[in-house]
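One file, model01.pdb, is given below (PDB, C-alpha atoms).
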ATOM      1  CA  MET I   1      22.755 -22.116  -7.230  1.00  0.00           C
ATOM      2  CA  PHE I   2      21.086 -18.691  -7.470  1.00  0.00           C
ATOM      3  CA  MET I   3      17.362 -18.317  -7.804  1.00  0.00           C
ATOM      4  CA  ARG I   4      16.236 -16.396 -10.875  1.00  0.00           C
ATOM      5  CA  VAL I   5      14.245 -13.319  -9.861  1.00  0.00           C
ATOM      6  CA  SER I   6      11.197 -12.718 -12.038  1.00  0.00           C
ATOM      7  CA  VAL I   7      10.369  -9.373 -13.617  1.00  0.00           C
ATOM      8  CA  SER I   8       7.413  -8.982 -11.246  1.00  0.00           C
ATOM      9  CA  ASP I   9       9.677  -9.584  -8.230  1.00  0.00           C
ATOM     10  CA  GLN I  10      12.175  -7.058  -9.613  1.00  0.00           C
ATOM     11  CA  LEU I  11       9.372  -4.478  -9.797  1.00  0.00           C
ATOM     12  CA  ALA I  12       8.461  -5.109  -6.144  1.00  0.00           C
ATOM     13  CA  ILE I  13      12.137  -4.698  -5.200  1.00  0.00           C
ATOM     14  CA  LEU I  14      12.283  -1.458  -7.218  1.00  0.00           C
ATOM     15  CA  ARG I  15       9.275  -0.209  -5.253  1.00  0.00           C
ATOM     16  CA  MET I  16      11.146  -0.931  -2.018  1.00  0.00           C
ATOM     17  CA  VAL I  17      14.227   0.917  -3.269  1.00  0.00           C
ATOM     18  CA  LEU I  18      12.124   3.937  -4.250  1.00  0.00           C
ATOM     19  CA  VAL I  19      10.590   4.336  -0.773  1.00  0.00           C
ATOM     20  CA  PRO I  20      13.523   6.135   0.923  1.00  0.00           C
ATOM     21  CA  VAL I  21      14.053   8.258  -2.196  1.00  0.00           C
ATOM     22  CA  VAL I  22      10.393   9.370  -2.203  1.00  0.00           C
ATOM     23  CA  MET I  23      10.620  10.047   1.541  1.00  0.00           C
ATOM     24  CA  GLY I  24      13.781  12.108   1.113  1.00  0.00           C
ATOM     25  CA  LEU I  25      12.260  14.161  -1.694  1.00  0.00           C
ATOM     26  CA  ILE I  26       9.122  14.874   0.351  1.00  0.00           C
ATOM     27  CA  ILE I  27      11.146  15.941   3.381  1.00  0.00           C
ATOM     28  CA  SER I  28      13.496  17.997   1.189  1.00  0.00           C
ATOM     29  CA  ASP I  29      10.461  19.829  -0.224  1.00  0.00           C
ATOM     30  CA  VAL I  30      10.855  18.596  -3.796  1.00  0.00           C
ATOM     31  CA  PRO I  31       7.218  17.588  -4.312  1.00  0.00           C
ATOM     32  CA  ALA I  32       7.246  17.333  -8.112  1.00  0.00           C
ATOM     33  CA  TRP I  33      10.016  14.718  -8.139  1.00  0.00           C
ATOM     34  CA  ALA I  34       8.567  12.994  -5.080  1.00  0.00           C
ATOM     35  CA  ALA I  35       5.230  12.727  -6.877  1.00  0.00           C
ATOM     36  CA  VAL I  36       6.797  11.400 -10.076  1.00  0.00           C
ATOM     37  CA  LEU I  37       8.720   8.677  -8.223  1.00  0.00           C
ATOM     38  CA  PHE I  38       5.710   7.891  -6.013  1.00  0.00           C
ATOM     39  CA  ILE I  39       3.576   7.413  -9.137  1.00  0.00           C
ATOM     40  CA  VAL I  40       6.264   5.183 -10.672  1.00  0.00           C
ATOM     41  CA  ALA I  41       6.316   3.131  -7.460  1.00  0.00           C
ATOM     42  CA  ALA I  42       2.510   2.907  -7.392  1.00  0.00           C
ATOM     43  CA  ILE I  43       2.447   1.775 -11.026  1.00  0.00           C
ATOM     44  CA  THR I  44       4.911  -1.015 -10.215  1.00  0.00           C
ATOM     45  CA  ASP I  45       2.337  -2.286  -7.702  1.00  0.00           C
ATOM     46  CA  PHE I  46      -0.174  -2.814 -10.483  1.00  0.00           C
ATOM     47  CA  LEU I  47       2.381  -4.097 -12.978  1.00  0.00           C
ATOM     48  CA  ASP I  48       4.060  -6.705 -10.779  1.00  0.00           C
ATOM     49  CA  GLY I  49       0.823  -8.575 -10.040  1.00  0.00           C
ATOM     50  CA  TYR I  50      -0.362  -8.309 -13.621  1.00  0.00           C
ATOM     51  CA  LEU I  51       2.936  -9.621 -14.992  1.00  0.00           C
ATOM     52  CA  ALA I  52       3.145 -12.428 -12.441  1.00  0.00           C
ATOM     53  CA  ARG I  53      -0.334 -13.651 -13.430  1.00  0.00           C
ATOM     54  CA  ARG I  54       0.240 -13.132 -17.151  1.00  0.00           C
ATOM     55  CA  MET I  55       3.609 -14.910 -17.147  1.00  0.00           C
ATOM     56  CA  GLY I  56       2.477 -17.682 -14.796  1.00  0.00           C
ATOM     57  CA  GLN I  57       5.026 -16.637 -12.171  1.00  0.00           C
ATOM     58  CA  LEU I  58       2.861 -16.425  -9.057  1.00  0.00           C
ATOM     59  CA  THR I  59       5.096 -17.424  -6.163  1.00  0.00           C
ATOM     60  CA  THR I  60       5.096 -17.213  -2.397  1.00  0.00           C
ATOM     61  CA  LEU I  61       8.193 -15.004  -2.603  1.00  0.00           C
ATOM     62  CA  GLY I  62       6.451 -12.714  -5.092  1.00  0.00           C
ATOM     63  CA  ALA I  63       3.357 -12.370  -2.899  1.00  0.00           C
ATOM     64  CA  PHE I  64       5.582 -11.589   0.096  1.00  0.00           C
ATOM     65  CA  LEU I  65       7.668  -9.029  -1.810  1.00  0.00           C
ATOM     66  CA  ASP I  66       4.567  -7.343  -3.247  1.00  0.00           C
ATOM     67  CA  SER I  67       2.825  -7.099   0.109  1.00  0.00           C
ATOM     68  CA  THR I  68       5.966  -5.891   1.883  1.00  0.00           C
ATOM     69  CA  ALA I  69       6.741  -3.307  -0.801  1.00  0.00           C
ATOM     70  CA  ASP I  70       3.179  -1.941  -0.612  1.00  0.00           C
ATOM     71  CA  LYS I  71       3.380  -1.556   3.158  1.00  0.00           C
ATOM     72  CA  MET I  72       6.800   0.084   2.914  1.00  0.00           C
ATOM     73  CA  LEU I  73       5.567   2.567   0.297  1.00  0.00           C
ATOM     74  CA  VAL I  74       2.421   3.531   2.206  1.00  0.00           C
ATOM     75  CA  THR I  75       4.141   3.674   5.613  1.00  0.00           C
ATOM     76  CA  GLY I  76       7.221   5.528   4.390  1.00  0.00           C
ATOM     77  CA  THR I  77       5.184   8.070   2.458  1.00  0.00           C
ATOM     78  CA  PHE I  78       2.905   8.669   5.439  1.00  0.00           C
ATOM     79  CA  LEU I  79       5.897   9.167   7.752  1.00  0.00           C
ATOM     80  CA  ALA I  80       7.436  11.720   5.395  1.00  0.00           C
ATOM     81  CA  LEU I  81       4.113  13.529   4.934  1.00  0.00           C
ATOM     82  CA  ILE I  82       3.597  13.668   8.698  1.00  0.00           C
ATOM     83  CA  ALA I  83       7.096  15.137   9.053  1.00  0.00           C
ATOM     84  CA  VAL I  84       6.162  17.992   6.687  1.00  0.00           C
ATOM     85  CA  ASP I  85       2.672  18.396   8.161  1.00  0.00           C
ATOM     86  CA  ARG I  86       0.796  17.133   5.113  1.00  0.00           C
ATOM     87  CA  ALA I  87      -0.826  14.064   6.668  1.00  0.00           C
ATOM     88  CA  SER I  88      -2.761  13.474   9.840  1.00  0.00           C
ATOM     89  CA  ILE I  89      -1.139  11.129  12.315  1.00  0.00           C
ATOM     90  CA  TRP I  90      -4.478   9.555  13.244  1.00  0.00           C
ATOM     91  CA  ILE I  91      -5.271   8.734   9.603  1.00  0.00           C
ATOM     92  CA  ALA I  92      -1.782   7.327   9.105  1.00  0.00           C
ATOM     93  CA  GLY I  93      -2.175   5.336  12.340  1.00  0.00           C
ATOM     94  CA  ILE I  94      -5.434   3.757  11.208  1.00  0.00           C
ATOM     95  CA  ILE I  95      -4.126   2.860   7.763  1.00  0.00           C
ATOM     96  CA  ILE I  96      -0.746   1.550   8.926  1.00  0.00           C
ATOM     97  CA  THR I  97      -2.310  -0.439  11.782  1.00  0.00           C
ATOM     98  CA  ARG I  98      -4.740  -2.095   9.364  1.00  0.00           C
ATOM     99  CA  GLU I  99      -1.925  -2.947   6.971  1.00  0.00           C
ATOM    100  CA  PHE I 100       0.110  -4.709   9.642  1.00  0.00           C
ATOM    101  CA  ALA I 101      -2.926  -6.371  11.251  1.00  0.00           C
ATOM    102  CA  VAL I 102      -3.884  -7.926   7.912  1.00  0.00           C
ATOM    103  CA  MET I 103      -0.250  -8.936   7.331  1.00  0.00           C
ATOM    104  CA  ALA I 104      -0.280 -10.723  10.700  1.00  0.00           C
ATOM    105  CA  LEU I 105      -3.592 -12.378   9.876  1.00  0.00           C
ATOM    106  CA  ARG I 106      -2.196 -13.535   6.526  1.00  0.00           C
ATOM    107  CA  SER I 107       0.729 -15.102   8.384  1.00  0.00           C
ATOM    108  CA  LEU I 108      -1.671 -16.887  10.728  1.00  0.00           C
ATOM    109  CA  ALA I 109      -3.770 -18.050   7.777  1.00  0.00           C
ATOM    110  CA  GLY I 110      -0.640 -19.416   6.117  1.00  0.00           C
ATOM    111  CA  LEU I 111       0.362 -21.295   9.265  1.00  0.00           C
ATOM    112  CA  GLU I 112      -3.118 -22.824   9.415  1.00  0.00           C
ATOM    113  CA  GLY I 113      -3.075 -23.700   5.713  1.00  0.00           C
ATOM    114  CA  ILE I 114      -5.896 -21.294   4.922  1.00  0.00           C
ATOM    115  CA  HIS I 115      -5.873 -19.303   1.700  1.00  0.00           C
ATOM    116  CA  VAL I 116      -7.748 -16.004   1.793  1.00  0.00           C
ATOM    117  CA  PRO I 117      -7.363 -14.502  -1.670  1.00  0.00           C
ATOM    118  CA  PRO I 118      -7.212 -10.758  -2.243  1.00  0.00           C
ATOM    119  CA  SER I 119     -10.570  -9.108  -2.838  1.00  0.00           C
ATOM    120  CA  ILE I 120     -11.747  -6.152  -4.853  1.00  0.00           C
ATOM    121  CA  TRP I 121     -11.902  -4.187  -1.574  1.00  0.00           C
ATOM    122  CA  GLY I 122      -8.148  -4.535  -1.100  1.00  0.00           C
ATOM    123  CA  LYS I 123      -7.537  -3.246  -4.610  1.00  0.00           C
ATOM    124  CA  LEU I 124      -9.915  -0.318  -4.092  1.00  0.00           C
ATOM    125  CA  LYS I 125      -8.205   0.421  -0.775  1.00  0.00           C
ATOM    126  CA  ALA I 126      -4.768   0.456  -2.399  1.00  0.00           C
ATOM    127  CA  ASN I 127      -5.978   2.736  -5.185  1.00  0.00           C
ATOM    128  CA  ALA I 128      -7.574   5.148  -2.708  1.00  0.00           C
ATOM    129  CA  GLN I 129      -4.433   5.227  -0.563  1.00  0.00           C
ATOM    130  CA  PHE I 130      -2.173   5.867  -3.550  1.00  0.00           C
ATOM    131  CA  VAL I 131      -4.410   8.628  -4.914  1.00  0.00           C
ATOM    132  CA  ALA I 132      -4.734  10.329  -1.507  1.00  0.00           C
ATOM    133  CA  LEU I 133      -0.997  10.114  -0.832  1.00  0.00           C
ATOM    134  CA  GLY I 134      -0.179  11.396  -4.316  1.00  0.00           C
ATOM    135  CA  PHE I 135      -2.425  14.422  -3.827  1.00  0.00           C
ATOM    136  CA  ALA I 136      -0.919  15.038  -0.376  1.00  0.00           C
ATOM    137  CA  ILE I 137       2.585  15.057  -1.873  1.00  0.00           C
ATOM    138  CA  VAL I 138       1.663  17.822  -4.341  1.00  0.00           C
ATOM    139  CA  ARG I 139      -0.904  19.618  -2.167  1.00  0.00           C
ATOM    140  CA  SER I 140      -2.014  22.904  -3.654  1.00  0.00           C
ATOM    141  CA  GLY I 141      -2.696  25.963  -1.526  1.00  0.00           C
ATOM    142  CA  ASP I 142      -6.416  25.869  -2.273  1.00  0.00           C
ATOM    143  CA  ARG I 143      -8.791  24.530   0.353  1.00  0.00           C
ATOM    144  CA  ILE I 144     -12.248  23.159  -0.314  1.00  0.00           C
ATOM    145  CA  GLY I 145     -14.157  24.246   2.740  1.00  0.00           C
ATOM    146  CA  ASN I 146     -11.920  23.611   5.739  1.00  0.00           C
ATOM    147  CA  TRP I 147      -9.787  20.913   4.143  1.00  0.00           C
ATOM    148  CA  TYR I 148      -7.458  20.352   1.232  1.00  0.00           C
ATOM    149  CA  LEU I 149      -8.565  17.901  -1.470  1.00  0.00           C
ATOM    150  CA  ASP I 150      -6.079  15.286  -0.268  1.00  0.00           C
ATOM    151  CA  GLU I 151      -7.614  15.372   3.221  1.00  0.00           C
ATOM    152  CA  TYR I 152     -11.030  14.443   1.806  1.00  0.00           C
ATOM    153  CA  LEU I 153      -9.351  11.692  -0.212  1.00  0.00           C
ATOM    154  CA  MET I 154      -7.644  10.450   2.970  1.00  0.00           C
ATOM    155  CA  VAL I 155     -11.046  10.028   4.626  1.00  0.00           C
ATOM    156  CA  VAL I 156     -12.203   7.951   1.642  1.00  0.00           C
ATOM    157  CA  ALA I 157      -8.986   5.907   1.927  1.00  0.00           C
ATOM    158  CA  VAL I 158      -9.605   5.333   5.662  1.00  0.00           C
ATOM    159  CA  VAL I 159     -13.168   4.143   5.053  1.00  0.00           C
ATOM    160  CA  LEU I 160     -12.035   1.727   2.321  1.00  0.00           C
ATOM    161  CA  THR I 161      -9.074   0.637   4.447  1.00  0.00           C
ATOM    162  CA  LEU I 162     -11.298  -0.197   7.414  1.00  0.00           C
ATOM    163  CA  TYR I 163     -13.892  -1.952   5.268  1.00  0.00           C
ATOM    164  CA  SER I 164     -11.309  -4.011   3.393  1.00  0.00           C
ATOM    165  CA  GLY I 165      -9.696  -4.985   6.711  1.00  0.00           C
ATOM    166  CA  TRP I 166     -13.058  -6.083   8.113  1.00  0.00           C
ATOM    167  CA  ASP I 167     -13.775  -7.988   4.888  1.00  0.00           C
ATOM    168  CA  TYR I 168     -10.426  -9.794   5.120  1.00  0.00           C
ATOM    169  CA  ILE I 169     -11.002 -10.734   8.776  1.00  0.00           C
ATOM    170  CA  ARG I 170     -14.525 -11.949   7.965  1.00  0.00           C
ATOM    171  CA  ARG I 171     -13.314 -14.059   5.038  1.00  0.00           C
ATOM    172  CA  PHE I 172     -10.511 -15.499   7.191  1.00  0.00           C
ATOM    173  CA  PHE I 173     -12.922 -16.691   9.862  1.00  0.00           C
ATOM    174  CA  VAL I 174     -15.397 -18.037   7.277  1.00  0.00           C
ATOM    175  CA  SER I 175     -12.546 -20.014   5.637  1.00  0.00           C
ATOM    176  CA  ARG I 176     -11.394 -21.449   8.937  1.00  0.00           C
ATOM    177  CA  PRO I 177     -12.499 -24.977   9.754  1.00  0.00           C
ATOM    178  CA  ALA I 178     -14.782 -25.278  12.779  1.00  0.00           C
ATOM    179  CA  ALA I 179     -12.845 -26.196  15.914  1.00  0.00           C
TER     180      ALA I 179
END

What would the structure in this file look like if it were written as structure tokens?
Amino acid sequence: MFMRVSVSDQLAILRMVLVPVVMGLIISDVPAWAAVLFIVAAITDFLDGYLARRMGQLTTLGAFLDSTADKMLVTGTFLALIAVDRASIWIAGIIITREFAVMALRSLAGLEGIHVPPSIWGKLKANAQFVALGFAIVRSGDRIGNWYLDEYLMVVAVVLTLYSGWDYIRRFFVSRPAA
């Protein structure tokens, strides 16, 4: 009667559960604990996909949970960092908009029976976002030039985010049958 939830799906669910906790710790100005839990959540992103492939448990539900958990973690962390003035709203806007635009495009691809697999650019984008957000959570008081280190890392994350979004759109349209 009940569907068995795989270990990889449980990790994606854990990531979702950690989002409001990380947000609360950032807003409550407890950056060390926020960073620790954010890192745990980010590690679950890498582990759930690895375990699903390794254990032969790649499922539509797992892909949905993983993608949703990633977007929740990035969006929630950005919102909390904006609230404490540690992230730029325009950078968050670009990254969050790309995440939801690609999610919508994936839905369209699924409806049309098109499979556009993840690319290395998406993985690089995720890594850059996680690193930049992690540094923003524990921002030190030292600036490099006019910016903090995390702000430079955010620019790198934006560039990779935009490129990976363009790459996904391009691969979607290349995969689409001619009308």

Can you pull out the residues contacting stretch 104-119 of chain I? Cut-off 10 Å, using all atoms listed in the file, and skip same-chain residues under 4 positions away; I want them as number ranges by chain. I: 98-100, 123-124, 164, 167-169, 171-177

Check the smallest atom-to-atom distance from each of I:Ala69, I:Val156, I:Leu47, I:Ile120 to I:Ile91 using only C-alpha atoms, then report the winner.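 Result for the nearest residue to I:Ile91: I:Val156.
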
Return as lines of an AutoDock Vina configuration file the box centre and box size in Å, one decimal, for an axis-aligned box around all listed atoms of stretch 88-98 of chain I padded by 4 Å per side.
center_x = -3.1
center_y = 5.7
center_z = 10.5
size_x = 12.7
size_y = 23.6
size_z = 13.5

For the atom pair atom CA of I:Leu149 and atom CA of I:Asp70, what is the interatomic distance in Å to one decimal place?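 Spanning atom CA of I:Leu149 to atom CA of I:Asp70 is a straight-line distance of 23.1 Å.
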
Residues within 10 Å of I:Val84, please, as an MDAnalysis selection string. Count all atoms listed in the file; anything in the same chain fewer than 6 positions from it doesn't count. chainID I and resid 26:29 78 137

One-decimal distance in Å that lies between atom CA of I:Val19 and atom CA of I:Ile39: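 One can read the atom CA of I:Ile39 to atom CA of I:Val19 distance as 11.3 Å.
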
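Taking all atoms listed in the file into account, the residues near (-2.8, 20.5, -1.9), no farther than 9 Å, are Arg86, Phe135, Ala136, Ile137, Val138, Arg139, Ser140, Gly141, Asp142, Arg143, Tyr148, Leu149, Asp150 and Glu151 of chain I.
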
Give me the residues near I:Val158 as a list in words, where near means some atom within 12 Å (using all atoms listed in the file) and where sequence neighbours in that chain fewer than 6 positions away do not count. Ser88, Trp90, Ile91, Ala92, Gly93, Ile94, Ile95, Ile96, Thr97, Arg98, Glu99, Leu124, Lys125, Ala126, Asn127, Ala128, Gln129, Phe130, Ala132, Leu133, Glu151, Tyr152, Ser164 and Gly165 of chain I

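Interatomic distance, atom CA of I:Thr161 against atom CA of I:Ile144: 23.2 Å.
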
For the structure shown, which residues end up in the PyMOL selection byres ((chain I and resi 6-10) around 7)? Put them as an MDAnalysis selection string, please? chainID I and resid 4:5 11:14 48:49 51:52 62 65

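Taking only C-alpha atoms into account, I:Thr68 lies nearest to I:Met103 out of the set I:Met154, I:Val159, I:Ala32, I:Met103.
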
Give the answer as one residue: which of I:Val102, I:Val30, I:Met55, I:Val21 has the shortest atom-to-atom distance to I:Thr77, using all atoms listed in the file?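 Counting all atoms listed in the file, the residue closest to I:Thr77 is I:Val21.
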
Distance criterion (only C-alpha atoms): nearest to I:Ala83 out of I:Trp147, I:Arg170, I:Leu25, I:Tyr163: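 Of I:Trp147, I:Arg170, I:Leu25, I:Tyr163, the one nearest I:Ala83, counting only C-alpha atoms, is I:Leu25.
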